[in-house]
Amino acid sequence: MIEGLLLGLAAAVTPFNLMMVVMGCVIGTLIGMLPGLGPMSIIAIMIPIAISIGDPASALILLSGVYYGAIFGGSTSSILLNAPGVAGTVATSFDGYPMARKGMAGKALTIAAVASFAGGTIGTILLMIFAPALSSVALLFHSAEYFALMVVGLSAIAAFAGTGQVGKALMMTILGLMMGTVGEGALSNMPRFTFGIMELQSGFSFITLAMAMFALPEALFLVMNPGRAATGAGGKITNLRISRAEARTIAPVIGRQSIQGFFIGVLPGAGATIASFLGYAVERNLAKGKEQEEFGHGSIKGLAAPESANNAACSGSFVPLLTLGIPGSGTTAILLGALLALSVTPGPRLMIDEPDVFWAVIISMYIGNLVLLMLNLPLIPYIAKILTIPRQYLIPFILFFTLMGSYIGQNNSTELLILVGFGVIATILRFADYPLAPLLIGFILGTMMEDNFARAMQLYRGFDFILERPMTLALLVLAAILVVLPSYRARRARLRAAVVADGD
Amino acid sequence: MALDRWIALAFITLCCVYGYAAFFTMDDSLPPILRRNPIWPSTFPKMLAVAGIIVGLMVLFGPKTVKADSPAKPADGTMDIAKLREYQIIPALALVGLMLAYAMALRPLGFLGSTTLFLMLGAMILGERKLYILIPVSALAAWSIWYLVQEVLGIFLRPWPAFMA
């Protein structure tokens with residue numbers, strides 16, 4: 001591990017890469033602060049730029065800086081305006097905004113920054129310990145297991161989607177997989193489902209799809225619902241210091257929530273949002289008496305918990321991506337797409353074939369966290385000025401960047417028409433409460449899944465691989481349980497509710 | 001019928017079309033040598049079509065989902081169809097139209113012209129009327145983005161209308 005770290009240091013600590021970290025963090029913070037632009041949209045917008053850098057390590061460093069910055073920026077707008085830019089920071093506003101209302105905006109921002117820093121750093125240390133271990137297990141996997149593992153991943157994403165959402169999430173996953181089959185398949189270079197349209201020959205572009213699924217619906221929603229784009233300077237930001245006693249109060253919270261957040265982040269489909277809500281709930285239950293009453297009215301514990309949890313979860317979500325090549329969240333799915341475009345295939349071989357990329361990313365996470373703490377804290381009063389841009393200027397720019405993201409590098413305006421079309425469909429899907437991240441994950445995993453499936457089928461001349469490889473069978477059974485269990489529990493809850501209603 | 005069930009119905013229809021193509025038309029052009037393979041290009045799509053129809057039917061005829069009062073759903077972050085009337089649909093539709101127009105105009109008008117117009121008209125749809133601010137801001141933004149993309153990143157963007165270059 002030590003030599004890996006040294007290798008990573010050598011790769012990451014070049015002036016250019018350091019510049020990338022700083023740039024990524026600043027851009028991420030700036031855009032993440034804007035309401036309606038989450039880390040997924042920001043990373044999707046940054047991908048063409050990252051790809052044009054060419055070097056996979058620098059590109060990934062830039063993108064993970066943006067990711068961290070976006071989460072941090074989201075907490076800033078949650079605290080100052082009660083307008084979370086990202087779903088993962090909604091829990092931050094529960095206690096952060098009351099603190100800002102009481103005139104302690106500076107203190108709230110400091111606690112958020114320190115908690116994020118600690119969460120991110122502890123998460124990265126855990127990532128460094130667990131990723132190589134998991135990776136060496138994953139090296140034993142064959143294509144049959146890979147196929148089964150992807151089935152497990154996709155079912156888990158559906159299973160964690162929430163009550164009553166499992167069917168819908170599965171539907172979106174299958175839709176994504178189906179969209180992944182459009183274009184020339186890897187098996188034989190036969191065009192499939194192109195309906196004779198030339199532009200579909202190479203399939204849908206994943207950047208276009210990512211923009212259409214996340215950035216465009218959010219931007220359109222900002223237009224439709226002006227209240228959401230609450231702009232204004234917020235409170236005056238003064239007195240960034242926290243006292244020694246306060247530091248002692250939040251230290252155990254940060255420790256607990258960093259570890260819990262990391263492991264929630266590792267689970268596919270859970271991610272920063274669930275980690276932050278769960279962290280908040282757990283800490284509220286752990287707190288006693290007066291401290292518990294303070295939750296929701298400006299408790300520093302209630303602010304530190306979700307902040308450390310969501311940053312640790314961000315690091316955690318890198319584990320399945322880097323070791324198995326399977327993204328567990330929409331954001332890591334977009335990162336996977338970027339890596340594939342840079343011809344790096346994440347997975348257990350990554351650490352052996354391209355250790356410098358792997359370790360450079362880990363090192364850059366430390367640096368990114370440090371940069372966020374050192375750069376953003378003193379600058380935050382100035383950065384927060386971006387929140388005063390009126391929405392009639394902001395929204396056209398957001399839409400324009402969305403369009404540019406899929407246009408740059410392709411110079412093809414058909415791509416823009418596809419983007420707008422899918423964007424409108426995605427907005428309708430959002431209205432009907434369909435989750436869109438499973439669609440994108442399915443789309444990105446589709447090709448890999450089919451490749452592994454085809455290899456397994458060819459090796460075993462048919463479906464026998466399911467029975468002949470116990471691990472594959474076990475994984476597929478696990479996937480089935482993951483899908484069936486939530487519906488079974490929902491059914492039981494419904495039956496019980498019906499019985500209670502009868503009894504009344 | 002609620003919107004989510006209509007979408008499930010549309011999805012099932014899509015799966016049927018997709019499945020029809022996978023089961024009946026795709027394999028016609030497969031060369032005989034590849035037919036001896038255990039896996040055809042249509043195998044995976046066939047599985048997806050069947051799974052898609054099953055899941056679609058489950059959502060279509062499944063029990064009504066009761067919105068749990070879970071904290072994971074922030075009230076103001078989710079789009080709510082019930083509040084559709086309160087939303088400002090017309091500017092949203094106008095902006096969608098503007099984006100389509102931008103896509104069409106990008107080639108004939110060039111990047112600089114069409115982007116300036118897009119940013120200006122977008123702000124005007126949202127209610128901005130101060131042209132003396134709007135025009136310089138959009139033109140400057142269009143030019144600086146073009147400069148960044150073309151000169152700094154080295155990605156070609158046609159700046160001027162088609163007849164000038």
# chains A, B, ... in the order shown; residues from 1 in each chain; ligands from 1
>>> residues_around(residues="Pro355 in chain A", least_positions_apart="2", cutoff="10 Å", atoms="only C-alpha atoms", output="VMD selection string")
chain A and resid 4 to 5 7 to 8 11 349 to 353 357 to 361
>>> write_last_selection(atoms="N, CA and C atoms", output="CSV table (one decimal), in the first residue's frame")
chain,number,residue,atom,x,y,z
A,4,GLY,N,2.2,2.0,-3.3
A,4,GLY,CA,1.1,2.5,-4.1
A,4,GLY,C,0.9,4.0,-3.8
A,5,LEU,N,0.9,4.3,-2.5
A,5,LEU,CA,0.7,5.7,-2.2
A,5,LEU,C,1.8,6.6,-2.8
A,7,LEU,N,3.5,6.0,-5.4
A,7,LEU,CA,3.2,6.1,-6.9
A,7,LEU,C,2.2,7.1,-7.2
A,8,GLY,N,1.1,7.1,-6.3
A,8,GLY,CA,0.0,8.0,-6.5
A,8,GLY,C,0.5,9.4,-6.2
A,11,ALA,N,2.3,10.7,-9.2
A,11,ALA,CA,1.4,11.0,-10.3
A,11,ALA,C,0.6,12.2,-10.1
A,349,ARG,N,-8.7,-5.2,-12.5
A,349,ARG,CA,-7.4,-5.1,-13.3
A,349,ARG,C,-6.8,-3.7,-13.2
A,350,LEU,N,-7.6,-2.7,-12.8
A,350,LEU,CA,-7.2,-1.3,-12.8
A,350,LEU,C,-6.0,-1.2,-11.9
A,351,MET,N,-6.0,-1.8,-10.8
A,351,MET,CA,-4.9,-1.6,-9.8
A,351,MET,C,-3.6,-2.3,-10.3
A,352,ILE,N,-3.8,-3.3,-11.1
A,352,ILE,CA,-2.6,-4.0,-11.6
A,352,ILE,C,-2.1,-3.3,-12.9
A,353,ASP,N,-3.0,-3.0,-13.8
A,353,ASP,CA,-2.6,-2.5,-15.1
A,353,ASP,C,-2.2,-1.0,-15.0
A,357,VAL,N,-3.1,5.4,-12.1
A,357,VAL,CA,-4.4,6.1,-12.2
A,357,VAL,C,-5.1,5.9,-10.9
A,358,PHE,N,-5.1,4.6,-10.4
A,358,PHE,CA,-5.9,4.3,-9.2
A,358,PHE,C,-5.4,5.1,-8.0
A,359,TRP,N,-4.0,5.1,-7.8
A,359,TRP,CA,-3.5,5.8,-6.6
A,359,TRP,C,-3.5,7.3,-6.8
A,360,ALA,N,-3.4,7.8,-8.0
A,360,ALA,CA,-3.5,9.2,-8.2
A,360,ALA,C,-4.9,9.7,-7.8
A,361,VAL,N,-5.9,8.9,-8.1
A,361,VAL,CA,-7.2,9.3,-7.7
A,361,VAL,C,-7.4,9.4,-6.2
>>> select_by_dssp(residues="range 358-407 of chain A", states="alpha helix (DSSP H)", output="ChimeraX atom specification")
/A:358-371,377-383,391-407
>>> write_last_selection(atoms="C-alpha atoms", output="CSV table (one decimal), in the first residue's frame")
chain,number,residue,atom,x,y,z
A,358,PHE,CA,-5.9,4.3,-9.2
A,359,TRP,CA,-3.5,5.8,-6.6
A,360,ALA,CA,-3.5,9.2,-8.2
A,361,VAL,CA,-7.2,9.3,-7.7
A,362,ILE,CA,-6.9,8.4,-4.0
A,363,ILE,CA,-4.2,10.9,-3.4
A,364,SER,CA,-6.2,13.6,-5.2
A,365,MET,CA,-9.1,12.9,-2.9
A,366,TYR,CA,-7.0,13.8,0.1
A,367,ILE,CA,-5.7,16.9,-1.8
A,368,GLY,CA,-9.2,17.8,-2.9
A,369,ASN,CA,-10.5,17.7,0.7
A,370,LEU,CA,-7.6,19.8,1.9
A,371,VAL,CA,-8.2,22.3,-0.9
A,377,LEU,CA,-13.5,28.5,4.0
A,378,PRO,CA,-11.9,31.9,3.7
A,379,LEU,CA,-13.4,32.5,0.2
A,380,ILE,CA,-17.0,31.4,1.0
A,381,PRO,CA,-18.4,34.9,1.7
A,382,TYR,CA,-17.3,35.9,-1.8
A,383,ILE,CA,-18.2,32.6,-3.5
A,391,ARG,CA,-32.6,33.6,-12.3
A,392,GLN,CA,-33.5,35.1,-15.7
A,393,TYR,CA,-29.7,35.2,-16.4
A,394,LEU,CA,-28.9,32.0,-14.7
A,395,ILE,CA,-31.3,29.6,-16.4
A,396,PRO,CA,-30.4,30.4,-20.0
A,397,PHE,CA,-26.8,29.8,-19.1
A,398,ILE,CA,-27.6,26.5,-17.4
A,399,LEU,CA,-29.5,25.4,-20.5
A,400,PHE,CA,-26.7,26.5,-22.7
A,401,PHE,CA,-24.1,24.6,-20.8
A,402,THR,CA,-26.3,21.5,-20.9
A,403,LEU,CA,-26.5,21.8,-24.7
A,404,MET,CA,-22.8,22.5,-25.0
A,405,GLY,CA,-21.9,19.4,-23.0
A,406,SER,CA,-23.3,17.1,-25.6
A,407,TYR,CA,-22.4,19.3,-28.6
>>> residues_around(residues="Tyr18 in chain B", least_positions_apart="6", cutoff="8 Å", atoms="only C-alpha atoms", output="PyMOL selection string")
(chain A and resi 193) or (chain B and resi 45+49)
>>> write_last_selection(atoms="C-alpha atoms", output="PDB file, in the first residue's frame")
ATOM      1  CA  PHE A 193     -32.596  -1.313 -33.432  1.00  0.00           C
TER       2      PHE A 193
ATOM      3  CA  PRO B  45     -32.606  -8.210 -26.288  1.00  0.00           C
ATOM      4  CA  ALA B  49     -38.061  -7.664 -23.796  1.00  0.00           C
TER       5      ALA B  49
END
>>> closest_residue(among="B:Gln88, B:Ser29, B:Ser138, B:Thr13", to="chain A", atoms="only C-alpha atoms")
B:Gln88
>>> closest_residue(among="A:Pro15, A:Gly69, A:Pro438, A:Gly203", to="Glu415 in chain A", atoms="only C-alpha atoms")
A:Gly203
>>> closest_residue(among="B:Cys15, B:Phe24, B:Tyr102, B:Leu119", to="chain A", atoms="only C-alpha atoms")
B:Leu119
>>> closest_residue(among="B:Pro32, B:Gly110, B:Pro136, B:Pro41", to="chain A", atoms="only C-alpha atoms")
B:Pro41
